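The file start-v1.csv contains CSV, C-alpha atoms and all ligand atoms:
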```
chain,number,residue,atom,x,y,z
B,1,MET,CA,-75.8,46.9,-8.5
B,2,LYS,CA,-75.5,47.7,-12.2
B,3,LEU,CA,-78.3,49.7,-13.7
B,4,ILE,CA,-79.3,49.1,-17.3
B,5,LEU,CA,-81.9,50.9,-19.4
B,6,ASP,CA,-84.8,48.8,-20.6
B,7,THR,CA,-85.8,50.5,-23.8
B,8,ALA,CA,-85.0,50.9,-27.5
B,9,ASN,CA,-86.2,54.5,-27.7
B,10,LEU,CA,-83.2,56.4,-29.2
B,11,SER,CA,-83.9,59.8,-27.5
B,12,ASP,CA,-84.2,58.1,-24.1
B,13,ILE,CA,-81.0,56.1,-24.7
B,14,ARG,CA,-79.1,59.3,-25.7
B,15,TYR,CA,-80.4,61.2,-22.7
B,16,PHE,CA,-79.8,58.6,-20.1
B,17,ASN,CA,-76.4,57.6,-21.6
B,18,ASP,CA,-75.3,61.3,-21.3
B,19,TYR,CA,-76.8,62.1,-17.9
B,20,TYR,CA,-77.1,58.9,-15.9
B,21,PRO,CA,-74.6,56.2,-14.9
B,22,ILE,CA,-76.1,53.4,-17.0
B,23,ASP,CA,-74.2,50.2,-17.7
B,24,GLY,CA,-76.0,49.3,-20.9
B,25,VAL,CA,-79.3,48.7,-22.7
B,26,THR,CA,-81.7,45.8,-22.7
B,27,THR,CA,-84.2,45.1,-25.4
B,28,ASN,CA,-86.7,42.4,-26.2
B,29,PRO,CA,-89.1,41.8,-29.1
B,30,THR,CA,-91.9,43.8,-27.5
B,31,ILE,CA,-89.6,46.8,-26.8
B,32,LEU,CA,-88.3,46.6,-30.4
B,33,SER,CA,-91.8,46.3,-31.9
B,34,ARG,CA,-92.6,49.8,-30.4
B,35,GLU,CA,-89.9,51.3,-32.6
B,36,GLY,CA,-90.7,49.6,-35.9
B,37,GLY,CA,-88.9,50.6,-39.1
B,38,ASP,CA,-85.4,49.3,-40.0
B,39,ILE,CA,-84.8,47.5,-36.7
B,40,VAL,CA,-81.2,46.4,-37.6
B,41,ALA,CA,-80.2,50.0,-38.3
B,42,HIS,CA,-82.0,51.0,-35.1
B,43,LEU,CA,-79.9,48.4,-33.1
B,44,HIS,CA,-76.7,49.7,-34.7
B,45,GLU,CA,-77.7,53.2,-33.7
B,46,ILE,CA,-78.2,52.0,-30.1
B,47,ARG,CA,-74.7,50.5,-30.2
B,48,LYS,CA,-73.3,53.8,-31.6
B,49,ILE,CA,-74.9,55.8,-28.8
B,50,ILE,CA,-73.7,53.6,-25.9
B,51,GLY,CA,-70.3,53.0,-27.4
B,52,PRO,CA,-68.4,49.8,-28.0
B,53,LYS,CA,-67.9,48.7,-24.4
B,54,LYS,CA,-71.4,48.8,-22.7
B,55,GLU,CA,-73.6,45.7,-22.6
B,56,LEU,CA,-76.3,45.5,-25.2
B,57,HIS,CA,-78.9,42.7,-24.5
B,58,ILE,CA,-80.8,41.5,-27.6
B,59,GLN,CA,-83.3,38.7,-27.6
B,60,VAL,CA,-83.5,35.8,-30.1
B,61,THR,CA,-86.7,35.6,-32.1
B,62,GLU,CA,-86.1,32.0,-33.4
B,63,THR,CA,-87.7,29.2,-31.4
B,64,GLU,CA,-85.9,26.1,-32.8
B,65,TYR,CA,-82.6,25.0,-31.2
B,66,GLU,CA,-80.3,25.1,-34.3
B,67,LYS,CA,-81.9,28.4,-35.5
B,68,ILE,CA,-81.5,30.0,-32.1
B,69,LEU,CA,-77.8,29.1,-32.2
B,70,GLU,CA,-77.4,30.6,-35.7
B,71,GLU,CA,-79.4,33.7,-34.8
B,72,ALA,CA,-77.5,34.3,-31.5
B,73,LYS,CA,-74.1,34.1,-33.2
B,74,ALA,CA,-75.3,36.5,-36.0
B,75,ILE,CA,-76.6,39.0,-33.3
B,76,VAL,CA,-73.3,39.0,-31.5
B,77,LYS,CA,-71.3,39.4,-34.8
B,78,ALA,CA,-73.5,42.3,-35.9
B,79,PHE,CA,-73.7,44.3,-32.7
B,80,GLY,CA,-70.4,43.8,-30.8
B,81,THR,CA,-68.4,41.0,-29.3
B,82,LYS,CA,-69.1,38.0,-27.0
B,83,GLU,CA,-68.2,40.3,-24.1
B,84,THR,CA,-70.4,43.2,-25.0
B,85,VAL,CA,-73.5,41.6,-26.5
B,86,CYS,CA,-75.6,39.4,-24.2
B,87,VAL,CA,-78.0,37.2,-26.1
B,88,LYS,CA,-81.4,36.9,-24.4
B,89,ILE,CA,-83.0,33.5,-24.6
B,90,PRO,CA,-86.3,32.7,-22.9
B,91,ALA,CA,-86.4,30.2,-20.0
B,92,ASN,CA,-87.9,27.1,-21.6
B,93,ASP,CA,-86.4,23.7,-22.5
B,94,VAL,CA,-85.2,24.7,-26.0
B,95,GLY,CA,-83.8,27.9,-24.4
B,96,LEU,CA,-81.9,25.9,-21.8
B,97,ARG,CA,-80.4,23.6,-24.4
B,98,ALA,CA,-79.3,26.6,-26.5
B,99,THR,CA,-77.9,28.3,-23.4
B,100,LYS,CA,-75.8,25.2,-22.6
B,101,THR,CA,-74.3,25.1,-26.1
B,102,LEU,CA,-73.7,28.9,-26.5
B,103,ALA,CA,-72.3,29.3,-23.0
B,104,SER,CA,-69.8,26.5,-23.6
B,105,GLU,CA,-68.6,28.4,-26.7
B,106,GLY,CA,-68.1,31.6,-24.6
B,107,TYR,CA,-71.3,33.5,-25.4
B,108,ARG,CA,-72.9,35.5,-22.6
B,109,ILE,CA,-76.5,34.5,-22.4
B,110,THR,CA,-79.2,36.3,-20.4
B,111,VAL,CA,-81.9,33.7,-19.7
B,112,THR,CA,-85.0,35.9,-19.7
B,113,ALA,CA,-88.7,35.7,-18.7
B,114,VAL,CA,-87.6,34.0,-15.4
B,115,LEU,CA,-90.6,33.7,-13.1
B,116,SER,CA,-89.2,31.2,-10.5
B,117,ALA,CA,-86.1,30.2,-8.6
B,118,GLY,CA,-86.2,26.8,-10.2
B,119,GLN,CA,-85.8,28.4,-13.7
B,120,ALA,CA,-83.0,30.5,-12.4
B,121,LEU,CA,-81.2,27.5,-10.9
B,122,LEU,CA,-81.4,25.6,-14.2
B,123,ALA,CA,-80.3,28.7,-16.2
B,124,ALA,CA,-77.3,29.1,-13.9
B,125,ASN,CA,-76.3,25.5,-14.3
B,126,ALA,CA,-76.7,25.8,-18.0
B,127,GLY,CA,-74.0,28.5,-17.9
B,128,ALA,CA,-76.0,31.7,-18.3
B,129,ALA,CA,-74.2,35.0,-17.6
B,130,TYR,CA,-77.4,36.5,-16.3
B,131,VAL,CA,-80.9,35.4,-15.3
B,132,ALA,CA,-83.7,37.9,-15.7
B,133,PRO,CA,-86.5,37.5,-13.1
B,134,TYR,CA,-89.6,39.6,-13.9
B,135,VAL,CA,-90.3,41.4,-10.6
B,136,SER,CA,-93.6,43.3,-11.3
B,137,ARG,CA,-95.1,40.5,-13.5
B,138,LEU,CA,-94.7,38.3,-10.4
B,139,GLU,CA,-96.2,41.0,-8.1
B,140,ASN,CA,-99.0,41.5,-10.5
B,141,ILE,CA,-100.2,37.9,-10.1
B,142,GLY,CA,-100.0,38.1,-6.3
B,143,ALA,CA,-96.6,36.4,-6.1
B,144,ASP,CA,-93.5,37.8,-4.3
B,145,GLY,CA,-91.3,39.3,-7.0
B,146,VAL,CA,-88.7,40.8,-4.7
B,147,GLY,CA,-88.8,37.6,-2.6
B,148,THR,CA,-88.2,35.5,-5.6
B,149,VAL,CA,-85.1,37.6,-6.5
B,150,ALA,CA,-83.9,37.3,-2.9
B,151,GLU,CA,-84.3,33.5,-3.1
B,152,ILE,CA,-82.4,33.3,-6.4
B,153,GLN,CA,-79.6,35.4,-4.9
B,154,GLU,CA,-79.4,33.1,-1.9
B,155,ILE,CA,-79.2,30.0,-4.1
B,156,PHE,CA,-76.5,31.7,-6.2
B,157,ASP,CA,-74.5,32.7,-3.1
B,158,ALA,CA,-74.8,29.2,-1.7
B,159,SER,CA,-73.6,27.5,-4.9
B,160,GLY,CA,-70.9,30.1,-5.7
B,161,THR,CA,-72.1,30.3,-9.3
B,162,ASP,CA,-70.8,33.1,-11.6
B,163,THR,CA,-74.3,33.7,-12.9
B,164,LYS,CA,-75.7,37.1,-11.9
B,165,ILE,CA,-79.2,38.3,-11.5
B,166,LEU,CA,-80.4,41.0,-14.0
B,167,ALA,CA,-83.7,41.8,-12.3
B,168,ALA,CA,-86.3,43.1,-14.8
B,169,SER,CA,-89.9,44.3,-15.2
B,170,PHE,CA,-90.1,47.1,-12.6
B,171,LYS,CA,-93.1,49.4,-12.1
B,172,THR,CA,-91.8,51.3,-9.1
B,173,ALA,CA,-88.5,52.7,-7.8
B,174,ARG,CA,-89.2,51.0,-4.5
B,175,GLU,CA,-89.1,47.6,-6.2
B,176,VAL,CA,-85.6,48.5,-7.6
B,177,LEU,CA,-84.3,49.5,-4.2
B,178,ASP,CA,-85.7,46.3,-2.6
B,179,VAL,CA,-84.0,44.3,-5.3
B,180,ALA,CA,-80.7,46.2,-4.7
B,181,LEU,CA,-80.9,45.1,-1.1
B,182,THR,CA,-80.9,41.5,-2.1
B,183,GLY,CA,-77.4,41.8,-3.5
B,184,ALA,CA,-78.6,41.2,-7.1
B,185,GLY,CA,-75.9,42.1,-9.7
B,186,ALA,CA,-78.0,44.2,-12.0
B,187,ALA,CA,-81.4,45.6,-12.7
B,188,THR,CA,-82.8,46.8,-15.9
B,189,VAL,CA,-85.4,49.6,-15.6
B,190,SER,CA,-87.6,51.7,-17.9
B,191,ALA,CA,-86.9,55.4,-18.5
B,192,ASP,CA,-89.8,56.3,-16.2
B,193,VAL,CA,-88.5,54.2,-13.3
B,194,MET,CA,-84.9,55.4,-13.9
B,195,LYS,CA,-86.2,59.0,-13.6
B,196,ARG,CA,-88.1,58.2,-10.4
B,197,LEU,CA,-84.9,57.0,-8.8
B,198,LEU,CA,-83.5,60.5,-9.0
B,199,ALA,CA,-86.6,62.8,-8.8
B,200,HIS,CA,-87.3,64.5,-5.4
B,201,THR,CA,-89.3,67.7,-5.0
B,202,THR,CA,-87.3,68.6,-1.9
B,203,THR,CA,-84.1,68.3,-3.9
B,204,ASP,CA,-85.6,70.7,-6.4
B,205,THR,CA,-86.7,73.3,-3.8
B,206,SER,CA,-83.2,73.0,-2.1
B,207,ILE,CA,-81.5,73.8,-5.4
B,208,ALA,CA,-83.9,76.7,-6.0
B,209,GLY,CA,-83.1,78.0,-2.5
B,210,PHE,CA,-79.4,77.8,-3.1
B,211,ALA,CA,-79.7,79.8,-6.3
B,212,ALA,CA,-82.0,82.5,-4.7
B,213,ASP,CA,-79.8,83.0,-1.7
B,214,TRP,CA,-76.7,83.3,-3.8
B,215,GLU,CA,-78.3,85.8,-6.2
B,216,LYS,CA,-79.5,87.9,-3.2
B,217,ALA,CA,-76.0,88.2,-1.9
B,218,PHE,CA,-73.9,88.3,-5.1
B,219,GLY,CA,-76.2,89.1,-7.9
B,220,LYS,CA,-75.8,87.3,-11.3
B,221,LYS,CA,-72.1,86.6,-10.9
B,222,THR,CA,-71.1,82.9,-10.5
B,223,LEU,CA,-68.4,81.8,-8.1
B,224,GLY,CA,-66.3,80.7,-11.0
B,225,SER,CA,-66.5,84.1,-12.6
B,226,MET,CA,-65.0,85.6,-9.4
B,227,LEU,CA,-62.0,83.4,-9.3
P,301,LIG,O1,-86.9,43.4,-20.5
P,301,LIG,C1,-88.2,43.2,-20.4
P,301,LIG,C2,-88.7,43.1,-19.0
P,301,LIG,O2,-88.2,44.2,-18.2
P,301,LIG,C3,-90.2,43.1,-18.9
P,301,LIG,O3,-90.8,44.3,-18.5
P,301,LIG,O4,-92.5,45.9,-18.0
P,301,LIG,O5,-92.8,44.3,-19.9
P,301,LIG,O6,-93.0,43.5,-17.5
P,301,LIG,P1,-92.4,44.5,-18.5
```
Could you quickly redo this structure as structure tokens?
Ligand code: G3P
Amino acid sequence: MKLILDTANLSDIRYFNDYYPIDGVTTNPTILSREGGDIVAHLHEIRKIIGPKKELHIQVTETEYEKILEEAKAIVKAFGTKETVCVKIPANDVGLRATKTLASEGYRITVTAVLSAGQALLAANAGAAYVAPYVSRLENIGADGVGTVAEIQEIFDASGTDTKILAASFKTAREVLDVALTGAGAATVSADVMKRLLAHTTTDTSIAGFAADWEKAFGKKTLGSML
């Protein structure tokens, strides 16, 4: 399962792009609103940090069909190519119409704010590259977020569609692992949740133990310095 970073914070993107195996960055209008300032320059900086090949997901802000098409094409032109920029379009009727048109022209669309398997089925049939079900927003209202992802994956497997799941809206590392078990193609997670996938106090004490035992036996010299 691909892991994508769900943030527009430049220092987080620099850090995780250097240290973690991330496959790209996702943004949305809320995420971008947290950064403020010259948001176009900011998005260019994100592209510069992650390089030309990784996926950058950017959401349209227009709400009318023709304007969504225009904005989507301008986003792709500004920040990469049809392969490397996924245009996020919300799962409503105008969004579906725009997805059908843009997908038929070779654009990769991430249909976002997906809260049901029905929306995912329609998005896949419209030609979306990804559908983004919101796991914790479903869990928050007493629905089964992970179960919805599993149902969508089952539908996609049964139909043989090329559309992949990009599961989103995670609050815990456990949710990410449960989604990975469904066979979903990708998940986008916040910096906090990404860190929680790696952090383990027993790993930290194990590392400290290795260092202490080595130093007791060989002092400050490293193995490399003895070779
Ligand atoms: O990409 C946005 C999606 O992940 C929503 O996350 O945390 O706002 O529910 P959240």
Measure the distance from atom CA of Asn9 of chain B to atom CA of Leu197 of chain B in Å and round it to one decimal.
19.1 Å
Can you tell me which residues come within 9 Å of ligand LIG 301 (chain P) when counting all atoms listed in the file, ideally as a compact mmCIF listing (two decimals) with C-alpha atoms, in the frame of the given file?
```txt
# COMPACT_ATOMS: atom_id res chain seq x y z
CA ASP B 6 -84.80 48.80 -20.60
CA THR B 7 -85.80 50.50 -23.80
CA THR B 26 -81.70 45.80 -22.70
CA THR B 27 -84.20 45.10 -25.40
CA ASN B 28 -86.70 42.40 -26.20
CA PRO B 29 -89.10 41.80 -29.10
CA THR B 30 -91.90 43.80 -27.50
CA ILE B 31 -89.60 46.80 -26.80
CA HIS B 57 -78.90 42.70 -24.50
CA THR B 112 -85.00 35.90 -19.70
CA ALA B 113 -88.70 35.70 -18.70
CA ALA B 132 -83.70 37.90 -15.70
CA PRO B 133 -86.50 37.50 -13.10
CA TYR B 134 -89.60 39.60 -13.90
CA VAL B 135 -90.30 41.40 -10.60
CA SER B 136 -93.60 43.30 -11.30
CA ARG B 137 -95.10 40.50 -13.50
CA LEU B 138 -94.70 38.30 -10.40
CA ALA B 167 -83.70 41.80 -12.30
CA ALA B 168 -86.30 43.10 -14.80
CA SER B 169 -89.90 44.30 -15.20
CA PHE B 170 -90.10 47.10 -12.60
CA LYS B 171 -93.10 49.40 -12.10
CA ALA B 187 -81.40 45.60 -12.70
CA THR B 188 -82.80 46.80 -15.90
CA VAL B 189 -85.40 49.60 -15.60
CA SER B 190 -87.60 51.70 -17.90
```
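Distances to Ala150 of chain B were evaluated for B:Ala126, B:Ala184, B:Leu166, B:Ile46 using all atoms listed in the file, and the minimum falls at B:Ala184.
Of note, atom CA of Arg14 of chain B and atom CA of His42 of chain B are spaced 12.9 Å apart.
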Taking all atoms of segment 48-63 of chain B that the file lists and extending 6 Å past them on each side, where is the centre of the axis-aligned box and how long are its edges? Answer in Å to one decimal, as AutoDock Vina command-line options.
```
--center_x -77.8 --center_y 42.5 --center_z -28.0 --size_x 31.8 --size_y 38.6 --size_z 22.8
```
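Proximity ranking of B:His200, B:Lys67, B:Lys77, B:Arg47 relative to Ile13 of chain B places B:Arg47 first, based on all atoms listed in the file.
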Can you list, as a ChimeraX atom specification, every protein, DNA or RNA residue that comes within 10 Å of Val40 of chain B when you count only C-alpha atoms, leaving out same-chain residues fewer than 5 positions away?
/B:45-46,75,78-79
Work out how far apart atom CA of Ala128 of chain B and atom CA of Ile109 of chain B are and give it in Å to one decimal.
5.0 Å
Let me make sure I understand: among B:Ala186, B:Val87, B:Leu96, B:Ala212, which one has the smallest atom-to-atom distance to Lys2 of chain B if we use all atoms listed in the file?
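Among B:Ala186, B:Val87, B:Leu96, B:Ala212, it is B:Ala186 that comes nearest to Lys2 of chain B.
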Using only C-alpha atoms, collect all residues at a distance of at most 8 Å from (-74.8, 36.8, -4.1) as written in the file, then present them as a list of chain:residue names.
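Checking each residue against the 8 Å limit leaves B:Gln153, B:Glu154, B:Phe156, B:Asp157, B:Ala158, B:Gly160, B:Lys164, B:Thr182, B:Gly183, B:Ala184, B:Gly185.
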My list of candidates is B:Ala74, B:Ile152, B:Met226, B:Ile4. Which is closest to Val25 of chain B when distances are computed with only C-alpha atoms?
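The shortest atom-to-atom distance to Val25 of chain B comes from B:Ile4.
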